[in-house]
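Q: For reference, the file coords_13.txt (compact mmCIF, C-alpha atoms and all ligand atoms) is included below:
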# COMPACT_ATOMS: atom_id res chain seq x y z
CA MET A 1 12.65 -12.09 -86.28
CA ARG A 2 9.44 -10.15 -85.91
CA SER A 3 8.43 -7.24 -83.75
CA SER A 4 6.52 -8.19 -80.63
CA PHE A 5 4.36 -6.46 -78.07
CA VAL A 6 6.09 -5.74 -74.80
CA SER A 7 4.31 -4.56 -71.65
CA PHE A 8 5.91 -2.75 -68.76
CA THR A 9 5.18 -0.03 -66.26
CA LEU A 10 6.82 3.33 -66.85
CA ASN A 11 6.70 5.78 -63.96
CA GLY A 12 3.57 4.07 -62.68
CA GLU A 13 1.81 4.00 -66.06
CA GLU A 14 1.09 0.77 -67.95
CA LYS A 15 2.64 0.60 -71.43
CA GLU A 16 2.20 -1.89 -74.24
CA LEU A 17 4.43 -1.20 -77.21
CA LEU A 18 5.39 -2.87 -80.44
CA ILE A 19 9.12 -3.46 -80.16
CA ALA A 20 11.44 -4.44 -82.98
CA PRO A 21 14.07 -7.09 -82.29
CA GLY A 22 17.25 -5.53 -80.99
CA GLN A 23 15.66 -2.20 -80.07
CA ARG A 24 17.38 -0.57 -77.11
CA LEU A 25 15.43 0.48 -74.05
CA VAL A 26 16.84 4.03 -74.22
CA ASP A 27 15.41 4.48 -77.70
CA VAL A 28 12.02 3.07 -76.76
CA LEU A 29 11.81 5.33 -73.71
CA ARG A 30 12.74 8.43 -75.67
CA GLU A 31 11.10 7.81 -79.04
CA GLN A 32 8.04 5.74 -78.20
CA CYS A 33 7.31 6.87 -74.65
CA GLY A 34 8.41 10.50 -74.89
CA ALA A 35 10.63 10.12 -71.81
CA MET A 36 13.24 12.47 -73.24
CA GLY A 37 14.92 13.09 -69.88
CA THR A 38 16.78 9.82 -70.33
CA ARG A 39 19.81 10.77 -72.40
CA ASN A 40 21.38 8.81 -75.18
CA GLY A 41 25.03 9.67 -74.67
CA CYS A 42 27.81 7.32 -75.66
CA GLY A 43 25.48 4.43 -76.44
CA GLN A 44 28.17 2.05 -75.26
CA GLY A 45 27.79 1.83 -71.49
CA GLY A 46 30.53 4.34 -70.79
CA CYS A 47 28.85 7.55 -69.62
CA GLY A 48 25.83 6.72 -67.45
CA ALA A 49 23.65 9.40 -69.06
CA CYS A 50 21.01 6.79 -69.91
CA THR A 51 20.63 5.42 -66.35
CA VAL A 52 17.11 4.38 -65.40
CA HIS A 53 15.77 2.05 -62.73
CA VAL A 54 14.49 -1.33 -63.85
CA ASP A 55 12.74 -3.08 -60.98
CA ALA A 56 14.49 -0.62 -58.65
CA VAL A 57 17.96 -1.47 -59.98
CA PRO A 58 19.92 1.25 -61.80
CA MET A 59 20.67 0.15 -65.35
CA LEU A 60 22.23 1.63 -68.44
CA SER A 61 19.28 1.70 -70.80
CA CYS A 62 21.55 1.88 -73.85
CA LEU A 63 22.67 -1.65 -73.02
CA VAL A 64 19.24 -3.12 -72.25
CA LEU A 65 17.17 -4.73 -74.98
CA ALA A 66 13.66 -3.32 -74.74
CA GLU A 67 12.10 -6.74 -75.23
CA LEU A 68 13.65 -7.81 -71.92
CA ALA A 69 11.64 -5.14 -70.11
CA GLU A 70 8.52 -7.32 -70.33
CA GLY A 71 6.73 -7.14 -66.98
CA CYS A 72 9.28 -4.75 -65.48
CA ASP A 73 8.73 -1.62 -63.45
CA ILE A 74 10.76 1.20 -65.00
CA LEU A 75 11.48 4.53 -63.40
CA THR A 76 13.00 7.44 -65.31
CA ILE A 77 13.80 10.98 -64.25
CA GLU A 78 10.25 11.97 -65.22
CA GLY A 79 9.02 9.74 -62.39
CA ALA A 80 11.43 11.01 -59.76
CA ALA A 81 9.24 13.95 -58.78
CA ARG A 82 6.01 13.17 -56.96
CA ASP A 83 2.77 15.13 -57.07
CA ARG A 84 4.54 17.99 -58.84
CA THR A 85 7.10 18.17 -56.02
CA LEU A 86 10.73 17.77 -56.98
CA HIS A 87 12.70 14.91 -55.47
CA ALA A 88 15.22 16.07 -52.88
CA LEU A 89 18.00 15.18 -55.32
CA GLN A 90 16.53 17.48 -57.94
CA GLU A 91 16.25 20.29 -55.42
CA ALA A 92 19.78 19.71 -54.18
CA PHE A 93 21.26 19.65 -57.69
CA VAL A 94 19.80 23.11 -58.24
CA ALA A 95 20.79 24.43 -54.82
CA GLU A 96 24.37 23.14 -55.09
CA ALA A 97 24.78 24.25 -58.73
CA ALA A 98 25.51 20.63 -59.60
CA THR A 99 24.42 20.97 -63.19
CA GLN A 100 25.51 23.11 -66.10
CA CYS A 101 24.59 21.80 -69.55
CA GLY A 102 22.42 19.18 -67.85
CA PHE A 103 23.23 16.36 -70.23
CA CYS A 104 24.47 14.06 -67.47
CA THR A 105 22.03 15.20 -64.80
CA ALA A 106 19.17 12.75 -65.24
CA GLY A 107 21.58 9.81 -65.20
CA MET A 108 23.41 11.23 -62.19
CA ILE A 109 20.17 11.68 -60.28
CA MET A 110 18.89 8.21 -61.11
CA ALA A 111 22.19 6.64 -60.06
CA ALA A 112 22.18 8.72 -56.87
CA LYS A 113 18.56 7.87 -56.17
CA ALA A 114 19.37 4.16 -56.33
CA LEU A 115 22.07 4.78 -53.74
CA LEU A 116 19.83 6.77 -51.41
CA ASP A 117 17.03 4.22 -51.78
CA ARG A 118 19.30 1.53 -50.36
CA ASP A 119 21.56 3.69 -48.15
CA PRO A 120 19.76 6.82 -46.94
CA ALA A 121 22.81 8.15 -45.09
CA PRO A 122 25.78 7.37 -47.34
CA GLN A 123 29.36 8.32 -46.65
CA ARG A 124 31.10 10.45 -49.26
CA GLU A 125 33.01 7.40 -50.52
CA ALA A 126 29.75 5.57 -51.17
CA VAL A 127 28.48 8.51 -53.23
CA VAL A 128 31.69 8.56 -55.27
CA GLU A 129 31.39 4.81 -55.83
CA ALA A 130 27.71 5.01 -56.79
CA LEU A 131 28.44 7.71 -59.37
CA SER A 132 31.63 6.15 -60.68
CA GLY A 133 29.92 5.08 -63.91
CA ASN A 134 28.48 8.52 -64.59
CA VAL A 135 30.51 11.05 -66.53
CA CYS A 136 30.11 14.81 -66.34
CA ARG A 137 32.10 16.86 -68.79
CA CYS A 138 31.35 20.35 -67.50
CA THR A 139 30.23 20.75 -63.87
CA GLY A 140 32.98 18.83 -62.14
CA TYR A 141 32.17 16.20 -59.59
CA GLU A 142 32.45 18.05 -56.27
CA PRO A 143 29.14 19.95 -56.56
CA ILE A 144 27.44 16.73 -57.66
CA ILE A 145 28.75 14.82 -54.65
CA ALA A 146 27.77 17.73 -52.40
CA ALA A 147 24.28 17.68 -53.88
CA VAL A 148 23.80 13.99 -53.20
CA LEU A 149 24.94 14.41 -49.59
CA ALA A 150 22.67 17.45 -49.21
CA ALA A 151 19.74 15.47 -50.60
CA ALA A 152 20.41 12.67 -48.12
CA ALA A 153 20.34 15.22 -45.28
CA MET A 154 17.15 16.74 -46.70
CA LEU A 155 15.45 13.32 -46.92
CA ALA A 156 16.46 12.49 -43.36
CA ARG A 157 14.44 15.50 -42.17
CA LEU A 158 11.30 14.44 -44.08
CA PRO A 159 8.59 12.15 -42.74
CA ALA A 160 9.08 8.63 -44.19
CA ALA A 161 6.02 8.84 -46.46
CA ALA A 162 7.32 11.97 -48.17
CA ALA A 163 10.79 10.55 -48.87
S1 LIG B 201 24.41 6.33 -73.21
FE1 LIG B 201 24.29 4.60 -71.96
S2 LIG B 201 26.13 4.62 -70.84
FE2 LIG B 201 26.35 6.28 -72.22
S1 LIG B 202 26.33 19.13 -66.46
FE1 LIG B 202 27.16 19.04 -68.48
S2 LIG B 202 27.86 16.99 -68.66
FE2 LIG B 202 27.30 17.18 -66.58
Could you write out this file's structure as structure tokens?
A:
Amino acid sequence: MRSSFVSFTLNGEEKELLIAPGQRLVDVLREQCGAMGTRNGCGQGGCGACTVHVDAVPMLSCLVLAELAEGCDILTIEGAARDRTLHALQEAFVAEAATQCGFCTAGMIMAAKALLDRDPAPQREAVVEALSGNVCRCTGYEPIIAAVLAAAAMLARLPAAAA
């Protein structure tokens, strides 16, 4: 099989890239797009560090073939902030000390963002469920859950256009 050109939108920017057969989306994002915030952790779907949104759905980019991203709208942690303003989740992760080494953080935030996008006022159980595929080996989960709930409260106080 030959390489082929694949077009998609990454954080609002059009991309057209030559993709080899079998190339994983996580590798294309990191190595060809420079979106290094997306982590390549286990590479097997077990840690959630590589979570990105594909057409607004959180996906493990280590399990997605890049060629299947044709025509898709992809959002990574680099696109979470707007106009140089951090997303409420990013602010809350800092405020709640929900990150230490930071390896899991981008995936956590993208998984949490997908939750808040569909459920702006989640119960604690919904946060736990939404993050159940994301592993953190150093912070512990309580500050992370607290950060997501704090971000939801922060977003509720913002005008709709800013959220
Ligand atoms: S790197 Fe994709 S789930 Fe671990
Ligand atoms: S902050 Fe280190 S793995 Fe989560």
Q: Check every protein, DNA and RNA residue against ligand LIG 202 (chain B), keep those with an atom at most 7 Å away (counting all atoms listed in the file), and present them as a list in words.
A: Thr99, Gln100, Cys101, Gly102, Phe103, Cys104, Thr105, Val135, Cys136, Arg137, Cys138 and Thr139 of chain A
Q: At a cut-off of 7 Å, using only C-alpha atoms, what residues contact Met110 of chain A? Leave out same-chain residues fewer than 2 positions from it and give the result as a PyMOL selection string.
A: chain A and resi 51-52+77+106-108+112-114
Q: Limited to C-alpha atoms, could you put the picked residues into a file as a tab-separated table (two decimals), keeping the file's coordinate frame?
A:
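Listed below is the output, result-v4.tsv:
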chain	number	residue	atom	x	y	z
A	51	THR	CA	20.63	5.42	-66.35
A	52	VAL	CA	17.11	4.38	-65.40
A	77	ILE	CA	13.80	10.98	-64.25
A	106	ALA	CA	19.17	12.75	-65.24
A	107	GLY	CA	21.58	9.81	-65.20
A	108	MET	CA	23.41	11.23	-62.19
A	112	ALA	CA	22.18	8.72	-56.87
A	113	LYS	CA	18.56	7.87	-56.17
A	114	ALA	CA	19.37	4.16	-56.33
Q: Per residue of chain A within 9 Å of ligand LIG 201 (chain B), note the shortest atom pair and the distance in Å to one decimal, counting only C-alpha atoms and all ligand atoms, and order the rows by chain and increasing residue number, as JSON lines.
A:
{"residue": "A:Val26", "atom": "CA", "partner": "B:LIG201", "partner_atom": "FE1", "distance": 7.8}
{"residue": "A:Thr38", "atom": "CA", "partner": "B:LIG201", "partner_atom": "S1", "distance": 8.9}
{"residue": "A:Arg39", "atom": "CA", "partner": "B:LIG201", "partner_atom": "S1", "distance": 6.4}
{"residue": "A:Asn40", "atom": "CA", "partner": "B:LIG201", "partner_atom": "S1", "distance": 4.4}
{"residue": "A:Gly41", "atom": "CA", "partner": "B:LIG201", "partner_atom": "S1", "distance": 3.7}
{"residue": "A:Cys42", "atom": "CA", "partner": "B:LIG201", "partner_atom": "FE2", "distance": 3.9}
{"residue": "A:Gly43", "atom": "CA", "partner": "B:LIG201", "partner_atom": "S1", "distance": 3.9}
{"residue": "A:Gln44", "atom": "CA", "partner": "B:LIG201", "partner_atom": "S2", "distance": 5.5}
{"residue": "A:Gly45", "atom": "CA", "partner": "B:LIG201", "partner_atom": "S2", "distance": 3.3}
{"residue": "A:Gly46", "atom": "CA", "partner": "B:LIG201", "partner_atom": "S2", "distance": 4.4}
{"residue": "A:Cys47", "atom": "CA", "partner": "B:LIG201", "partner_atom": "FE2", "distance": 3.8}
{"residue": "A:Gly48", "atom": "CA", "partner": "B:LIG201", "partner_atom": "S2", "distance": 4.0}
{"residue": "A:Ala49", "atom": "CA", "partner": "B:LIG201", "partner_atom": "FE2", "distance": 5.2}
{"residue": "A:Cys50", "atom": "CA", "partner": "B:LIG201", "partner_atom": "FE1", "distance": 4.4}
{"residue": "A:Thr51", "atom": "CA", "partner": "B:LIG201", "partner_atom": "FE1", "distance": 6.7}
{"residue": "A:Met59", "atom": "CA", "partner": "B:LIG201", "partner_atom": "FE1", "distance": 8.8}
{"residue": "A:Leu60", "atom": "CA", "partner": "B:LIG201", "partner_atom": "FE1", "distance": 5.0}
{"residue": "A:Ser61", "atom": "CA", "partner": "B:LIG201", "partner_atom": "FE1", "distance": 5.9}
{"residue": "A:Cys62", "atom": "CA", "partner": "B:LIG201", "partner_atom": "FE1", "distance": 4.3}
{"residue": "A:Leu63", "atom": "CA", "partner": "B:LIG201", "partner_atom": "FE1", "distance": 6.5}
{"residue": "A:Gly107", "atom": "CA", "partner": "B:LIG201", "partner_atom": "S2", "distance": 8.9}
{"residue": "A:Gly133", "atom": "CA", "partner": "B:LIG201", "partner_atom": "S2", "distance": 7.9}
{"residue": "A:Asn134", "atom": "CA", "partner": "B:LIG201", "partner_atom": "S2", "distance": 7.7}
{"residue": "A:Val135", "atom": "CA", "partner": "B:LIG201", "partner_atom": "FE2", "distance": 8.5}
Q: Figure out the distance between atom CA of Val94 of chain A and atom CA of Gly12 of chain A, please, to one decimal in Å.
A: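 It comes out at 25.4 Å.
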Q: Using all atoms listed in the file, which of the listed residues (A:Met154, A:Leu68, A:Pro58, A:Phe93) sits closest to Ala130 of chain A?
A: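 Ranking A:Met154, A:Leu68, A:Pro58, A:Phe93 by distance to Ala130 of chain A, first place goes to A:Pro58.
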Q: Can you tell me, as number ranges by chain, what residues are no more than 12 Å from Glu125 of chain A when counting all atoms listed in the file, ignoring any on the same chain fewer than 2 positions away?
A: A: 115, 121-123, 127-132, 145-146, 148-149
Q: Could you jot down the atom CA of Gln23 of chain A to atom CA of Ser4 of chain A separation for me, Å, one decimal place?
A: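 Between atom CA of Gln23 of chain A and atom CA of Ser4 of chain A the gap works out to 10.9 Å.
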Q: Quick one: residues within 6 Å of Ser3 of chain A, only C-alpha atoms, excluding same-chain residues fewer than 6 positions away - as a list in words?
A: Ile19, Ala20 and Pro21 of chain A
Q: What is the distance between atom CA of Glu31 of chain A and atom CA of Val6 of chain A, in Å to one decimal?
A: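 If I compute the distance from atom CA of Glu31 of chain A to atom CA of Val6 of chain A, I get 15.1 Å.
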Q: Between A:Leu65, A:Gly140, A:Glu91, A:Ala151, which is the closest to Leu116 of chain A once you count all atoms listed in the file?
A: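 Of the candidates, the smallest distance to Leu116 of chain A is held by A:Ala151.
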Q: Would you mind telling me which residue in A:Ala111, A:Ala95, A:Ala66, A:Ala150 lies nearest to Glu16 of chain A when using only C-alpha atoms?
A: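 Looking at the shortest contact to Glu16 of chain A, the residue is A:Ala66.
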Q: Please determine, counting only C-alpha atoms, which residue among A:Leu86, A:Ala69, A:Ala80, A:Ala97 has the shortest atom-to-atom distance to Ser7 of chain A.
A: A:Ala69
Q: Give the answer as one residue: which of A:Ala81, A:Leu158, A:Cys33, A:Val57 has the shortest atom-to-atom distance to Thr9 of chain A, using all atoms listed in the file?
A: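 Selected residue with least distance to Thr9 of chain A: A:Cys33.
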Q: Which one is closest to Val64 of chain A: A:Pro159, A:Gly34, A:Pro143, A:Gly22? Count all atoms listed in the file.
A: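 Ranking A:Pro159, A:Gly34, A:Pro143, A:Gly22 by distance to Val64 of chain A, first place goes to A:Gly22.
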Q: Output as a JSON list (two decimals), in the coordinates of the input: segment 22-38 of chain A, completed with N, CA and C atoms.
A:
[["chain", "number", "residue", "atom", "x", "y", "z"],
["A", 22, "GLY", "N", 15.99, -6.27, -81.12],
["A", 22, "GLY", "CA", 17.25, -5.53, -80.99],
["A", 22, "GLY", "C", 17.09, -4.08, -80.60],
["A", 23, "GLN", "N", 15.85, -3.61, -80.46],
["A", 23, "GLN", "CA", 15.66, -2.20, -80.07],
["A", 23, "GLN", "C", 16.14, -1.97, -78.65],
["A", 24, "ARG", "N", 16.84, -0.86, -78.44],
["A", 24, "ARG", "CA", 17.38, -0.57, -77.11],
["A", 24, "ARG", "C", 16.33, 0.13, -76.25],
["A", 25, "LEU", "N", 16.40, -0.14, -74.96],
["A", 25, "LEU", "CA", 15.43, 0.48, -74.05],
["A", 25, "LEU", "C", 15.52, 2.00, -74.10],
["A", 26, "VAL", "N", 16.72, 2.57, -74.19],
["A", 26, "VAL", "CA", 16.84, 4.03, -74.22],
["A", 26, "VAL", "C", 16.07, 4.62, -75.40],
["A", 27, "ASP", "N", 16.11, 3.96, -76.53],
["A", 27, "ASP", "CA", 15.41, 4.48, -77.70],
["A", 27, "ASP", "C", 13.89, 4.36, -77.55],
["A", 28, "VAL", "N", 13.46, 3.25, -76.97],
["A", 28, "VAL", "CA", 12.02, 3.07, -76.76],
["A", 28, "VAL", "C", 11.50, 4.12, -75.78],
["A", 29, "LEU", "N", 12.25, 4.34, -74.70],
["A", 29, "LEU", "CA", 11.81, 5.33, -73.71],
["A", 29, "LEU", "C", 11.71, 6.71, -74.34],
["A", 30, "ARG", "N", 12.72, 7.09, -75.10],
["A", 30, "ARG", "CA", 12.74, 8.43, -75.67],
["A", 30, "ARG", "C", 11.78, 8.58, -76.85],
["A", 31, "GLU", "N", 11.81, 7.62, -77.76],
["A", 31, "GLU", "CA", 11.10, 7.81, -79.04],
["A", 31, "GLU", "C", 9.66, 7.31, -79.00],
["A", 32, "GLN", "N", 9.40, 6.27, -78.21],
["A", 32, "GLN", "CA", 8.04, 5.74, -78.20],
["A", 32, "GLN", "C", 7.27, 6.15, -76.95],
["A", 33, "CYS", "N", 7.99, 6.49, -75.89],
["A", 33, "CYS", "CA", 7.31, 6.87, -74.65],
["A", 33, "CYS", "C", 7.43, 8.37, -74.37],
["A", 34, "GLY", "N", 8.26, 9.06, -75.11],
["A", 34, "GLY", "CA", 8.41, 10.50, -74.89],
["A", 34, "GLY", "C", 9.17, 10.84, -73.62],
["A", 35, "ALA", "N", 9.87, 9.87, -73.05],
["A", 35, "ALA", "CA", 10.63, 10.12, -71.81],
["A", 35, "ALA", "C", 12.01, 10.65, -72.21],
["A", 36, "MET", "N", 12.02, 11.89, -72.66],
["A", 36, "MET", "CA", 13.24, 12.47, -73.24],
["A", 36, "MET", "C", 14.29, 12.84, -72.21],
["A", 37, "GLY", "N", 13.94, 12.78, -70.93],
["A", 37, "GLY", "CA", 14.92, 13.09, -69.88],
["A", 37, "GLY", "C", 16.04, 12.07, -69.84],
["A", 38, "THR", "N", 15.75, 10.86, -70.26],
["A", 38, "THR", "CA", 16.78, 9.82, -70.33],
["A", 38, "THR", "C", 17.64, 10.11, -71.54]]
